[in-house]
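Structure record follows, encoded as structure tokens.
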Amino acid sequence: MAKYFEAIVCWICAIAGFAGVAQAQWASEAGFAVVQQQCMKCHGKANMPQAPGVAALREFSGEKIYEFLTTSANSAHQALNLSDDDKRHVAESLSGRLLGSAAIRDARMMPNRCASNPPMSDPAAGPGWNGWGNGPNNDRFQPAASADITAEQAPKLKLKWAFGLPGAHAAYGQPTVVAGRVFVGSDAGWIYSLDAATGCVYWSFMTKAGMRNAISVGPVKEKGSTKYGVFFGDLKNNAYGVDAQNGELLWITKVDDNYAARITGAPALFEGRVYVPLAKWESNSARDLNYPCCTVRGSVTSLDANTGKQIWKHYVIEEPPKPTRKNSIGTQLYGPSGGSVWNTPTADPKRGVVYFGTGEATNEPAPNTTDALLAVDLKTGKLVWSHQGYQNDAYIIGCSGTNKTENCPKNVGPDADIGSSIILKTGEGGKRMLIGSMKDGTLFALDPDKKGAMLWKTNIAVNPQMPMSGVIFGGAADDKTAYYGLSGGGVVAVQLATGEKTWFNPLPPPPGRGRAGNSAAVTAIPGVVFSGARSGMLYALSTIDGHILWQFDTVQDFTTVNQVAARGGTMGSAGPTVAGGMLFVGSGYSFGGGDKNGNVILAFSPE
């Protein structure tokens, strides 16, 4: 075992130079670039069998890796003179979870334990927000009866309770609300079940890695006394089924073995199956000549919700990657690859298909299923039809100017991505449509009943010439209008029938809060659209003309029900959820440029 860990030493010498980056962001993201650029100089090389592959290293706990780095008597290791921060970032990057998370995050250690845990009612029977998009069509719209908050009440929203995510660096898990309970995950690798009214905690569950998506809740069969399960994924590509009543594990399934793949989008639950999206995380430093670019293909895997057994798996790029050429230092390159699925799949029982958007390719030529909307058979996983939103988009981060290397595409694309969930909506007159949105601001509507025939197409970016200032995490739609937050700043409303812009509110940030940005998913109820901002401001806007009905500054310290020190920050990914007269939101997803981390879940209700 000691010899196995000593192999880590061969690449760790270069990590000290990256410490500043790792301190600025959680090591699971920033540290992964170090793994690409440095670890793989040795690990996984055929001529260095003593250095196990990165996939094998990721199976060790962060505590074990950190222990070795701090106690090893290896002379080469001692000569590195690494700081304690360096060692922690290495351990957290490889393990996919924060150090110490196994010891201090358990609900049993919290002072706000619920006095009892009565049997859960049917999640579908009362008001709730289930999963990412509040239903299989991902429209992020809550009807009046379930919202129980009106446009007249929105200005009267007050903070009711706050829950601190213990040990978390970034609050990017979206709260799910069913049966009077809130289910939410954290980047520290814990899932919590809370009482919606008070914030008391029923139970917690420790995952194998950090979790950054929304949870779905539904019925479970043939699992003893278990009636309902919660379903989600983690950053080590594990999908889970957990008893919603008590937090006990029902099943766990690894949907992909590629070390550079991640479950970031929320799995969708529909009619007894869990549809798990998979994205790549190898673009960050794939331009480095030591990195064997690239092998991850985006996919969606269908699992049995009762057992976790795989039913089918559909790769965005159906052709497996194979060796293509070697670069000038002899590193083997691969292709085709890319086509991440960052979003939650959308189910269409009428057509018997599931829709999802895909990202760019990582090498040329870019297949026509990248930057595309795919329609896949719900039962078999076979491709039914596809629509490509942007052609020839092969992209790797940093491939510009003097940083462009042989690993980079010759013609570097814009990284357009259909990154947000596809909205399936029935408009006035019963007309069904699929609405897709892209990072460059392109918005389009397709006819699902005519194999994706184009209905309309427009661009909603603040400035279409501003690179990637459009839609990242998604919009909401009622029967007449779709609403989108823009990464370039502001919220826009467009008519479903024509794509014509109805209104736009730029929502400039408060002084000193950095640049504008409303990339987080928006949420709509009758008369109101809610948007979290990169500045940390949470807004309620009128659906009529976009004027501000209410706003709340989340960048502050909060007194929490579980007595965990908590502070809000940037809201740049998950959106608010509304159910049963309450509004829930997480605050603190940072991705650089003056953004602020945070670790708080906030619950509001009208006075």
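Letters for chains follow the order of the structure tokens (A, B, ...), residue numbers begin at 1 for each chain, and ligand numbers begin at 1 in the order shown.
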
Give me the residues near Pro323 in chain A as a PDB file with N, CA, C and O atoms, in the first residue's frame, where near means some atom within 7 Å (using only C-alpha atoms) and where sequence neighbours in that chain fewer than 6 positions away do not count.
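Wrote it out as out36.pdb, contents follow:
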```
ATOM      1  N   GLN A 332      -0.258  10.163 -26.981  1.00  0.00           N
ATOM      2  CA  GLN A 332      -1.300   9.649 -27.866  1.00  0.00           C
ATOM      3  C   GLN A 332      -2.564  10.477 -27.703  1.00  0.00           C
ATOM      4  O   GLN A 332      -3.034  10.719 -26.597  1.00  0.00           O
ATOM      5  N   LEU A 333      -3.136  10.900 -28.827  1.00  0.00           N
ATOM      6  CA  LEU A 333      -4.389  11.648 -28.831  1.00  0.00           C
ATOM      7  C   LEU A 333      -5.515  10.754 -29.333  1.00  0.00           C
ATOM      8  O   LEU A 333      -5.280   9.772 -30.052  1.00  0.00           O
ATOM      9  N   TYR A 334      -6.764  11.132 -28.938  1.00  0.00           N
ATOM     10  CA  TYR A 334      -7.926  10.291 -29.225  1.00  0.00           C
ATOM     11  C   TYR A 334      -9.083  11.132 -29.750  1.00  0.00           C
ATOM     12  O   TYR A 334      -9.148  12.342 -29.555  1.00  0.00           O
ATOM     13  N   GLY A 335     -10.020  10.461 -30.392  1.00  0.00           N
ATOM     14  CA  GLY A 335     -11.251  11.103 -30.853  1.00  0.00           C
ATOM     15  C   GLY A 335     -12.152  10.066 -31.508  1.00  0.00           C
ATOM     16  O   GLY A 335     -11.710   8.949 -31.804  1.00  0.00           O
TER      17      GLY A 335
END
```

Problem set entry | Residues near range 246-250 of chain A, cut-off 7 Å, only C-alpha atoms, skip fewer than 2 positions along chain, as a list of chain:residue names |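 Answer for this query is A:Trp203, A:Ser204, A:Phe205, A:Gly241, A:Val242, A:Asp243, A:Ala244.
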
For this session: Select, from A:Gly572, A:Gly224, A:Gly389, A:Pro111, the residue with the minimum atom-to-atom distance to Ile418 in chain A, counting only C-alpha atoms.
Result: A:Gly389

For this session: Please report, as a count of residues only, each residue of range 185-427 of chain A to which DSSP assigns strand (DSSP E) when run on this structure's backbone.
Result: 93

For this session: Can you pull out every residue within 7 Å of Trp161 in chain A, counting only C-alpha atoms, but drop anything in the same chain fewer than 2 positions away, and send it as number ranges by chain?
Result: A: 159, 163, 198-199, 560-561, 602-603

Problem set entry | For CA of Phe183 in chain A and CA of Ile601 in chain A, the interatomic separation in Å (one decimal) |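 According to the coordinates, CA of Phe183 in chain A and CA of Ile601 in chain A are separated by 10.8 Å.
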
Exercise. Can you list, as an MDAnalysis selection string, every protein, DNA or RNA residue that comes within 12 Å of Ala196 in chain A when you count only C-alpha atoms, leaving out same-chain residues fewer than 2 positions away?
Worked result: chainID A and resid 114 127:129 160:163 175:184 192:194 198:202 577:584 601:605

For this session: Please identify all polymer residues within 7 Å of Pro277 in chain A, counting only C-alpha atoms, omitting same-chain residues fewer than 3 positions from it, and present them as a PyMOL selection string.
Result: chain A and resi 263+265+267+299-301+341-344

For this session: Please identify which residues in range 106-282 of chain A DSSP calls helix (DSSP H, G or I) from the backbone, and express them as a list in words.
Result: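 The helix (DSSP H, G or I) subset of range 106-282 of chain A is Ala107, Arg108, Met109, Ala144, Ala145, Ser146, Ala147, Ala154, Pro155 and Lys156 of chain A.
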
Problem set entry | Computed interatomic separation between CA of Arg140 in chain A and CA of Thr207 in chain A (Å) |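 Separating CA of Arg140 in chain A from CA of Thr207 in chain A is a distance of 26.8 Å.
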
Exercise. What is the CA of Ala416 in chain A to CA of Lys439 in chain A distance in Å?
Worked result: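 The value is 5.3 Å.
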
Problem set entry | Polymer residues at most 9 Å from Glu318 in chain A, only C-alpha atoms, same-chain spacing of 3 or more positions, as JSON, numbers by chain | {"A": [297, 314, 315]}

Write the residues of the selection above to a file with all heavy atoms, as a PDB file, in the first residue's frame.
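Written out: result.pdb:
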```pdb
ATOM      1  N   ARG A 297     -17.165  10.942 -23.658  1.00  0.00           N
ATOM      2  CA  ARG A 297     -18.348  11.212 -24.484  1.00  0.00           C
ATOM      3  C   ARG A 297     -19.528  11.456 -23.560  1.00  0.00           C
ATOM      4  O   ARG A 297     -19.784  10.678 -22.643  1.00  0.00           O
ATOM      5  CB  ARG A 297     -18.677  10.021 -25.385  1.00  0.00           C
ATOM      6  CG  ARG A 297     -17.663   9.735 -26.464  1.00  0.00           C
ATOM      7  CD  ARG A 297     -18.071   8.502 -27.252  1.00  0.00           C
ATOM      8  NE  ARG A 297     -17.933   7.275 -26.475  1.00  0.00           N
ATOM      9  CZ  ARG A 297     -18.504   6.118 -26.799  1.00  0.00           C
ATOM     10  NH1 ARG A 297     -19.289   6.043 -27.861  1.00  0.00           N
ATOM     11  NH2 ARG A 297     -18.319   5.046 -26.059  1.00  0.00           N
ATOM     12  N   HIS A 314     -27.160   5.831 -23.753  1.00  0.00           N
ATOM     13  CA  HIS A 314     -27.006   6.435 -25.077  1.00  0.00           C
ATOM     14  C   HIS A 314     -25.887   7.463 -25.048  1.00  0.00           C
ATOM     15  O   HIS A 314     -25.932   8.438 -24.295  1.00  0.00           O
ATOM     16  CB  HIS A 314     -28.300   7.135 -25.519  1.00  0.00           C
ATOM     17  CG  HIS A 314     -28.187   7.750 -26.891  1.00  0.00           C
ATOM     18  ND1 HIS A 314     -28.439   7.027 -28.033  1.00  0.00           N
ATOM     19  CD2 HIS A 314     -27.804   8.988 -27.302  1.00  0.00           C
ATOM     20  CE1 HIS A 314     -28.229   7.800 -29.094  1.00  0.00           C
ATOM     21  NE2 HIS A 314     -27.848   8.993 -28.671  1.00  0.00           N
ATOM     22  N   TYR A 315     -24.859   7.226 -25.872  1.00  0.00           N
ATOM     23  CA  TYR A 315     -23.756   8.169 -26.001  1.00  0.00           C
ATOM     24  C   TYR A 315     -24.123   9.246 -27.023  1.00  0.00           C
ATOM     25  O   TYR A 315     -24.650   8.943 -28.100  1.00  0.00           O
ATOM     26  CB  TYR A 315     -22.489   7.465 -26.458  1.00  0.00           C
ATOM     27  CG  TYR A 315     -21.810   6.644 -25.389  1.00  0.00           C
ATOM     28  CD1 TYR A 315     -21.938   5.254 -25.365  1.00  0.00           C
ATOM     29  CD2 TYR A 315     -21.042   7.255 -24.406  1.00  0.00           C
ATOM     30  CE1 TYR A 315     -21.312   4.495 -24.389  1.00  0.00           C
ATOM     31  CE2 TYR A 315     -20.409   6.506 -23.416  1.00  0.00           C
ATOM     32  CZ  TYR A 315     -20.549   5.136 -23.417  1.00  0.00           C
ATOM     33  OH  TYR A 315     -19.927   4.397 -22.452  1.00  0.00           O
TER      34      TYR A 315
END
```

Problem set entry | Test item: residues at most 12 Å from Ile329 in chain A, only C-alpha atoms, excluding those fewer than 5 positions along its chain, as a PyMOL selection string | chain A and resi 41+288-292+405-407

Exercise. Given the choices A:Ala372, A:Cys293, A:Asp553, A:Arg432, which gets closest to Lys326 in chain A if the distance is worked out from only C-alpha atoms?
Worked result: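 Ranking A:Ala372, A:Cys293, A:Asp553, A:Arg432 by distance to Lys326 in chain A, first place goes to A:Cys293.
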
For this session: Go through A:Arg273, A:Lys236, A:Arg513, A:His547 and flag the residue nearest Ala260 in chain A, using only C-alpha atoms for the distances.
Result: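 Smallest distance to Ala260 in chain A is found for A:Lys236.
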